[in-house]
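Text of entry.pdb, listed as PDB, C-alpha atoms:
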```
ATOM      1  CA  MET A   1      11.801  18.291   3.887
ATOM      2  CA  ASP A   2      14.047  15.846   5.721
ATOM      3  CA  THR A   3      13.761  12.071   5.511
ATOM      4  CA  LYS A   4      11.769  11.770   8.739
ATOM      5  CA  GLN A   5       9.102  14.177   7.519
ATOM      6  CA  ALA A   6       9.058  12.523   4.096
ATOM      7  CA  THR A   7       8.604   9.071   5.626
ATOM      8  CA  VAL A   8       5.823  10.289   7.900
ATOM      9  CA  SER A   9       4.009  12.001   5.060
ATOM     10  CA  GLN A  10       4.257   8.885   2.872
ATOM     11  CA  THR A  11       3.027   6.548   5.598
ATOM     12  CA  THR A  12       0.124   8.820   6.498
ATOM     13  CA  ASN A  13      -0.944  10.096   3.093
ATOM     14  CA  THR A  14      -1.227   6.713   1.389
ATOM     15  CA  PRO A  15      -3.661   5.164   3.913
ATOM     16  CA  ARG A  16      -5.647   8.402   3.988
ATOM     17  CA  ALA A  17      -5.963   8.333   0.212
ATOM     18  CA  MET A  18      -7.132   4.708   0.374
ATOM     19  CA  GLN A  19      -9.703   5.528   3.052
ATOM     20  CA  ARG A  20     -11.042   8.439   0.998
ATOM     21  CA  LYS A  21     -11.271   6.146  -2.019
ATOM     22  CA  MET A  22     -13.179   3.516  -0.008
ATOM     23  CA  LEU A  23     -15.728   6.117   1.113
ATOM     24  CA  ASN A  24     -15.763   7.894  -2.255
ATOM     25  CA  ILE A  25     -14.684  11.190  -0.661
ATOM     26  CA  LYS A  26     -12.784  13.797  -2.642
ATOM     27  CA  LEU A  27     -10.144  16.137  -1.216
ATOM     28  CA  LYS A  28     -12.222  19.134  -2.218
ATOM     29  CA  ASP A  29     -15.006  17.882   0.124
ATOM     30  CA  ARG A  30     -12.681  19.027   2.967
ATOM     31  CA  ILE A  31     -13.733  16.309   5.424
ATOM     32  CA  PRO A  32     -11.282  16.054   8.353
ATOM     33  CA  THR A  33      -9.140  12.944   8.645
ATOM     34  CA  ILE A  34     -10.552  12.191  12.093
ATOM     35  CA  GLU A  35     -14.055  11.906  10.636
ATOM     36  CA  ILE A  36     -12.839   9.612   7.867
ATOM     37  CA  ARG A  37     -10.992   7.447  10.402
ATOM     38  CA  LYS A  38     -14.144   7.166  12.551
ATOM     39  CA  LYS A  39     -16.124   5.927   9.558
ATOM     40  CA  THR A  40     -13.499   3.410   8.416
ATOM     41  CA  GLN A  41     -12.410   2.449  11.975
ATOM     42  CA  VAL A  42      -8.758   2.348  10.872
ATOM     43  CA  ILE A  43      -5.998   3.389  13.280
ATOM     44  CA  ASP A  44      -3.275   5.830  12.262
ATOM     45  CA  VAL A  45      -0.193   3.959  11.012
ATOM     46  CA  VAL A  46       2.392   6.363  12.424
ATOM     47  CA  GLN A  47       0.796   6.399  15.874
ATOM     48  CA  HIS A  48       0.712   2.605  15.875
ATOM     49  CA  ILE A  49       4.406   2.430  14.926
ATOM     50  CA  GLN A  50       5.372   4.880  17.663
ATOM     51  CA  ARG A  51       3.283   3.039  20.249
ATOM     52  CA  GLN A  52       4.988  -0.251  19.335
ATOM     53  CA  LYS A  53       8.415   1.439  19.503
ATOM     54  CA  TRP A  54       7.621   2.755  22.991
ATOM     55  CA  ARG A  55       6.389  -0.647  24.170
ATOM     56  CA  TRP A  56       9.477  -2.413  22.800
ATOM     57  CA  THR A  57      11.758   0.144  24.466
ATOM     58  CA  GLY A  58      10.104  -0.515  27.843
ATOM     59  CA  HIS A  59      10.372  -4.257  27.302
ATOM     60  CA  ASN A  60      14.032  -3.895  26.363
ATOM     61  CA  ALA A  61      14.771  -1.772  29.465
ATOM     62  CA  ARG A  62      13.154  -4.355  31.778
ATOM     63  CA  GLU A  63      15.358  -7.215  30.550
ATOM     64  CA  LYS A  64      17.620  -8.436  33.338
ATOM     65  CA  ASP A  65      20.295 -10.272  31.380
ATOM     66  CA  ASN A  66      22.658  -8.650  28.906
ATOM     67  CA  ARG A  67      21.030  -9.531  25.582
ATOM     68  CA  TRP A  68      22.268  -8.219  22.269
ATOM     69  CA  THR A  69      19.240  -5.928  21.858
ATOM     70  CA  LYS A  70      20.097  -4.101  25.059
ATOM     71  CA  SER A  71      23.784  -3.998  24.114
ATOM     72  CA  CYS A  72      22.966  -2.524  20.700
ATOM     73  CA  THR A  73      20.708   0.109  22.232
ATOM     74  CA  GLU A  74      23.335   1.240  24.737
ATOM     75  CA  TRP A  75      26.328   0.889  22.385
ATOM     76  CA  GLN A  76      28.781   3.770  22.104
ATOM     77  CA  PRO A  77      31.434   3.960  19.372
ATOM     78  CA  ARG A  78      34.968   3.116  20.546
ATOM     79  CA  SER A  79      36.524   6.362  19.441
ATOM     80  CA  GLY A  80      33.693   8.377  20.959
ATOM     81  CA  ARG A  81      33.761  10.576  17.866
ATOM     82  CA  ARG A  82      31.036  11.106  15.341
ATOM     83  CA  ASP A  83      31.067  12.517  11.843
ATOM     84  CA  ARG A  84      31.255  16.215  11.259
ATOM     85  CA  GLY A  85      28.055  18.246  11.446
ATOM     86  CA  ARG A  86      24.939  17.800  13.503
ATOM     87  CA  PRO A  87      24.753  14.203  14.717
ATOM     88  CA  GLU A  88      21.709  12.152  13.883
ATOM     89  CA  ALA A  89      19.484  11.358  16.826
ATOM     90  CA  ARG A  90      19.999   7.846  18.132
ATOM     91  CA  TRP A  91      17.247   5.659  19.534
ATOM     92  CA  MET A  92      18.217   6.449  23.115
ATOM     93  CA  ASP A  93      18.467  10.190  22.413
ATOM     94  CA  VAL A  94      14.849  10.326  21.289
ATOM     95  CA  ILE A  95      13.611   8.283  24.263
ATOM     96  CA  ARG A  96      15.748  10.268  26.710
ATOM     97  CA  ARG A  97      14.302  13.536  25.368
ATOM     98  CA  ALA A  98      10.738  12.254  25.798
ATOM     99  CA  ALA A  99      11.034  10.379  29.113
ATOM    100  CA  GLY A 100      13.988  12.076  30.802
ATOM    101  CA  PRO A 101      17.496  10.912  31.662
ATOM    102  CA  GLN A 102      16.269   8.203  34.063
ATOM    103  CA  TRP A 103      14.005   6.571  31.477
ATOM    104  CA  GLN A 104      15.315   3.047  32.127
ATOM    105  CA  ARG A 105      14.367   3.337  35.772
ATOM    106  CA  LYS A 106      10.914   4.634  34.810
ATOM    107  CA  ALA A 107      10.439   1.724  32.402
ATOM    108  CA  GLN A 108      10.711  -0.774  35.272
ATOM    109  CA  ASP A 109       7.182   0.182  36.348
ATOM    110  CA  ARG A 110       5.014  -1.147  33.521
ATOM    111  CA  ARG A 111       1.890   0.834  34.454
ATOM    112  CA  LYS A 112       3.654   4.217  34.508
ATOM    113  CA  TRP A 113       5.544   3.424  31.315
ATOM    114  CA  LYS A 114       2.339   2.492  29.533
ATOM    115  CA  THR A 115       0.597   5.718  30.570
ATOM    116  CA  SER A 116       3.520   7.841  29.412
ATOM    117  CA  ALA A 117       3.286   6.314  25.924
ATOM    118  CA  GLU A 118       0.508   8.647  24.779
ATOM    119  CA  GLY A 119       2.550  11.721  25.675
ATOM    120  CA  TYR A 120       5.485  10.390  23.672
ATOM    121  CA  ILE A 121       3.315   9.645  20.646
ATOM    122  CA  LEU A 122       1.697  13.087  20.677
ATOM    123  CA  GLN A 123       5.068  14.772  21.127
ATOM    124  CA  TRP A 124       6.525  12.799  18.225
ATOM    125  CA  MET A 125       3.534  13.492  15.984
ATOM    126  CA  ASN A 126       3.701  17.240  16.694
ATOM    127  CA  LYS A 127       7.411  17.388  15.813
ATOM    128  CA  ALA A 128       6.953  15.350  12.644
ATOM    129  CA  SER A 129       3.985  17.368  11.390
ATOM    130  CA  LYS A 130       5.585  20.796  11.757
ATOM    131  CA  LYS A 131       6.154  22.576   8.506
ATOM    132  CA  PRO A 132       9.753  23.396   7.623
ATOM    133  CA  SER A 133      10.644  26.949   8.576
ATOM    134  CA  ASN A 134      12.015  29.643   6.321
ATOM    135  CA  GLN A 135      15.182  29.796   8.412
ATOM    136  CA  GLY A 136      17.348  28.808   5.452
ATOM    137  CA  LYS A 137      15.845  31.550   3.291
ATOM    138  CA  ARG A 138      16.336  34.098   6.072
ATOM    139  CA  ASN A 139      19.974  33.112   6.486
ATOM    140  CA  CYS A 140      20.492  33.374   2.729
ATOM    141  CA  VAL A 141      19.032  36.898   2.680
ATOM    142  CA  LEU A 142      21.186  37.911   5.672
ATOM    143  CA  PHE A 143      24.270  36.500   3.988
ATOM    144  CA  LYS A 144      23.531  38.434   0.794
ATOM    145  CA  PHE A 145      22.971  41.604   2.822
ATOM    146  CA  LYS A 146      26.235  41.162   4.762
ATOM    147  CA  ARG A 147      28.126  40.403   1.559
ATOM    148  CA  LYS A 148      26.730  43.568  -0.051
ATOM    149  CA  VAL A 149      27.674  45.676   2.975
ATOM    150  CA  LEU A 150      31.167  44.164   3.078
ATOM    151  CA  SER A 151      31.706  44.701  -0.656
ATOM    152  CA  ASP A 152      30.580  48.343  -0.315
ATOM    153  CA  ASP A 153      33.049  48.825   2.579
ATOM    154  CA  ILE A 154      35.883  47.288   0.580
ATOM    155  CA  ASN A 155      35.088  49.463  -2.447
ATOM    156  CA  ASP A 156      35.064  52.567  -0.248
ATOM    157  CA  THR A 157      38.485  51.784   1.280
ATOM    158  CA  TYR A 158      40.178  51.195  -2.058
ATOM    159  CA  LYS A 159      38.835  54.349  -3.791
TER     160      LYS A 159
END
```

Structure re-expressed in structure tokens:
Amino acid sequence: MDTKQATVSQTTNTPRAMQRKMLNIKLKDRIPTIEIRKKTQVIDVVQHIQRQKWRWTGHNAREKDNRWTKSCTEWQPRSGRRDRGRPEARWMDVIRRAAGPQWQRKAQDRRKWKTSAEGYILQWMNKASKKPSNQGKRNCVLFKFKRKVLSDDINDTYK
């Protein structure tokens, strides 16, 4: 589990546990979270955070002068190089993936930007809630298989 998934699970599981405690509901009762949230009238923390992030991004894109917040968002390292391995997603990378390459132009229209927020939140929630795949285990098995085949080939050539 990566840090993003761990953070999401911590920020969602704790309030859910508190809500269940308030209503005296046990996990084995198997009541869906949506039902519990309707009874307590509490909004989901992660959705609220993502909605605020989307709103702030639109506000930041609509600023006319060159403030430090806009400069920090658009900043590129001088060397243009990043560390080895898969680069971490930057703020703009995530927004660009959700809203498209012309997201700053789209953000100028407040009404359209506000309506596109729900799509971004749902997209983010779906990515964060996905279970980790067994890809690493599969690769490990393939590597062991290839190593076995290679060692058998080497043994055959040196006999």

From the list A:Arg20, A:Arg111, A:Lys70, A:His48, which residue is nearest Ile36 (chain A) when using only C-alpha atoms?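 The shortest atom-to-atom distance to Ile36 (chain A) comes from A:Arg20.
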
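Nearest-residue note for Gln47 (chain A): choosing from A:Glu88, A:Gln104, A:Val8, A:Thr3, the minimum distance belongs to A:Val8, counting all atoms listed in the file.
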
Within 8 Å of Thr73 (chain A) using only C-alpha atoms, minus same-chain residues under 2 positions, as a list in words: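 The filter keeps Thr69, Lys70, Ser71, Trp75, Trp91 and Met92 of chain A.
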
Among listed residues A:Arg78, A:Arg16, A:Arg105, A:Arg90, nearest Ile43 (chain A) (using all atoms listed in the file):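 Looking only at the distances to Ile43 (chain A), the closest residue turns out to be A:Arg16.
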
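Distance-wise, CA of Lys39 (chain A) and CA of Ala17 (chain A) end up 14.0 Å apart.
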
When the PyMOL selection byres ((chain A and resi 46) around 12) is applied to the file above, which residues end up in the set, as a PyMOL selection string? chain A and resi 4-5+7-16+42-45+47-53+121-122+124-126+128-129

What does the distance from CA of Ala107 (chain A) to CA of Tyr120 (chain A) come to in Å, to one decimal?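 One can read the CA of Ala107 (chain A) to CA of Tyr120 (chain A) distance as 13.3 Å.
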
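Pairwise distance (CA of Asp109 (chain A), CA of Thr57 (chain A)) equals 12.7 Å.
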
Once N, CA, C and O atoms are restored for region 89-108 of chain A, what would the output be as a compact mmCIF listing (two decimals), in the frame of the given file?
```txt
# COMPACT_ATOMS: atom_id res chain seq x y z
N ALA A 89 20.00 11.80 15.54
CA ALA A 89 19.48 11.36 16.83
C ALA A 89 19.48 9.84 16.87
O ALA A 89 19.01 9.19 15.94
N ARG A 90 20.03 9.29 17.94
CA ARG A 90 20.00 7.85 18.13
C ARG A 90 18.70 7.47 18.84
O ARG A 90 17.98 8.32 19.35
N TRP A 91 18.45 6.19 18.89
CA TRP A 91 17.25 5.66 19.53
C TRP A 91 17.14 6.18 20.96
O TRP A 91 16.12 6.70 21.38
N MET A 92 18.24 6.04 21.71
CA MET A 92 18.22 6.45 23.12
C MET A 92 18.07 7.96 23.26
O MET A 92 17.49 8.42 24.24
N ASP A 93 18.59 8.74 22.33
CA ASP A 93 18.47 10.19 22.41
C ASP A 93 17.00 10.61 22.35
O ASP A 93 16.56 11.48 23.10
N VAL A 94 16.26 9.99 21.46
CA VAL A 94 14.85 10.33 21.29
C VAL A 94 14.06 9.93 22.54
O VAL A 94 13.25 10.71 23.05
N ILE A 95 14.32 8.74 23.05
CA ILE A 95 13.61 8.28 24.26
C ILE A 95 13.99 9.14 25.46
O ILE A 95 13.14 9.52 26.26
N ARG A 96 15.27 9.46 25.58
CA ARG A 96 15.75 10.27 26.71
C ARG A 96 15.11 11.65 26.68
O ARG A 96 14.75 12.21 27.71
N ARG A 97 14.93 12.23 25.49
CA ARG A 97 14.30 13.54 25.37
C ARG A 97 12.83 13.48 25.79
O ARG A 97 12.31 14.42 26.39
N ALA A 98 12.16 12.37 25.48
CA ALA A 98 10.74 12.25 25.80
C ALA A 98 10.49 11.86 27.25
O ALA A 98 9.59 12.39 27.89
N ALA A 99 11.31 10.93 27.79
CA ALA A 99 11.03 10.38 29.11
C ALA A 99 11.98 10.87 30.19
O ALA A 99 11.78 10.59 31.36
N GLY A 100 13.04 11.58 29.81
CA GLY A 100 13.99 12.08 30.80
C GLY A 100 15.21 11.18 30.90
O GLY A 100 15.24 10.07 30.35
N PRO A 101 16.24 11.66 31.60
CA PRO A 101 17.50 10.91 31.66
C PRO A 101 17.39 9.57 32.41
O PRO A 101 18.17 8.66 32.16
N GLN A 102 16.44 9.44 33.29
CA GLN A 102 16.27 8.20 34.06
C GLN A 102 15.18 7.31 33.46
O GLN A 102 14.44 6.64 34.17
N TRP A 103 15.10 7.28 32.14
CA TRP A 103 14.00 6.57 31.48
C TRP A 103 14.05 5.07 31.72
O TRP A 103 13.02 4.43 31.80
N GLN A 104 15.24 4.49 31.89
CA GLN A 104 15.32 3.05 32.13
C GLN A 104 14.75 2.69 33.49
O GLN A 104 14.13 1.64 33.66
N ARG A 105 14.93 3.56 34.45
CA ARG A 105 14.37 3.34 35.77
C ARG A 105 12.84 3.47 35.73
O ARG A 105 12.12 2.72 36.38
N LYS A 106 12.36 4.45 34.95
CA LYS A 106 10.91 4.63 34.81
C LYS A 106 10.27 3.44 34.11
O LYS A 106 9.14 3.08 34.39
N ALA A 107 10.99 2.83 33.19
CA ALA A 107 10.44 1.72 32.40
C ALA A 107 10.24 0.47 33.25
O ALA A 107 9.50 -0.43 32.84
N GLN A 108 10.87 0.40 34.41
CA GLN A 108 10.71 -0.77 35.27
C GLN A 108 9.27 -0.90 35.78
O GLN A 108 8.80 -2.01 36.02
```
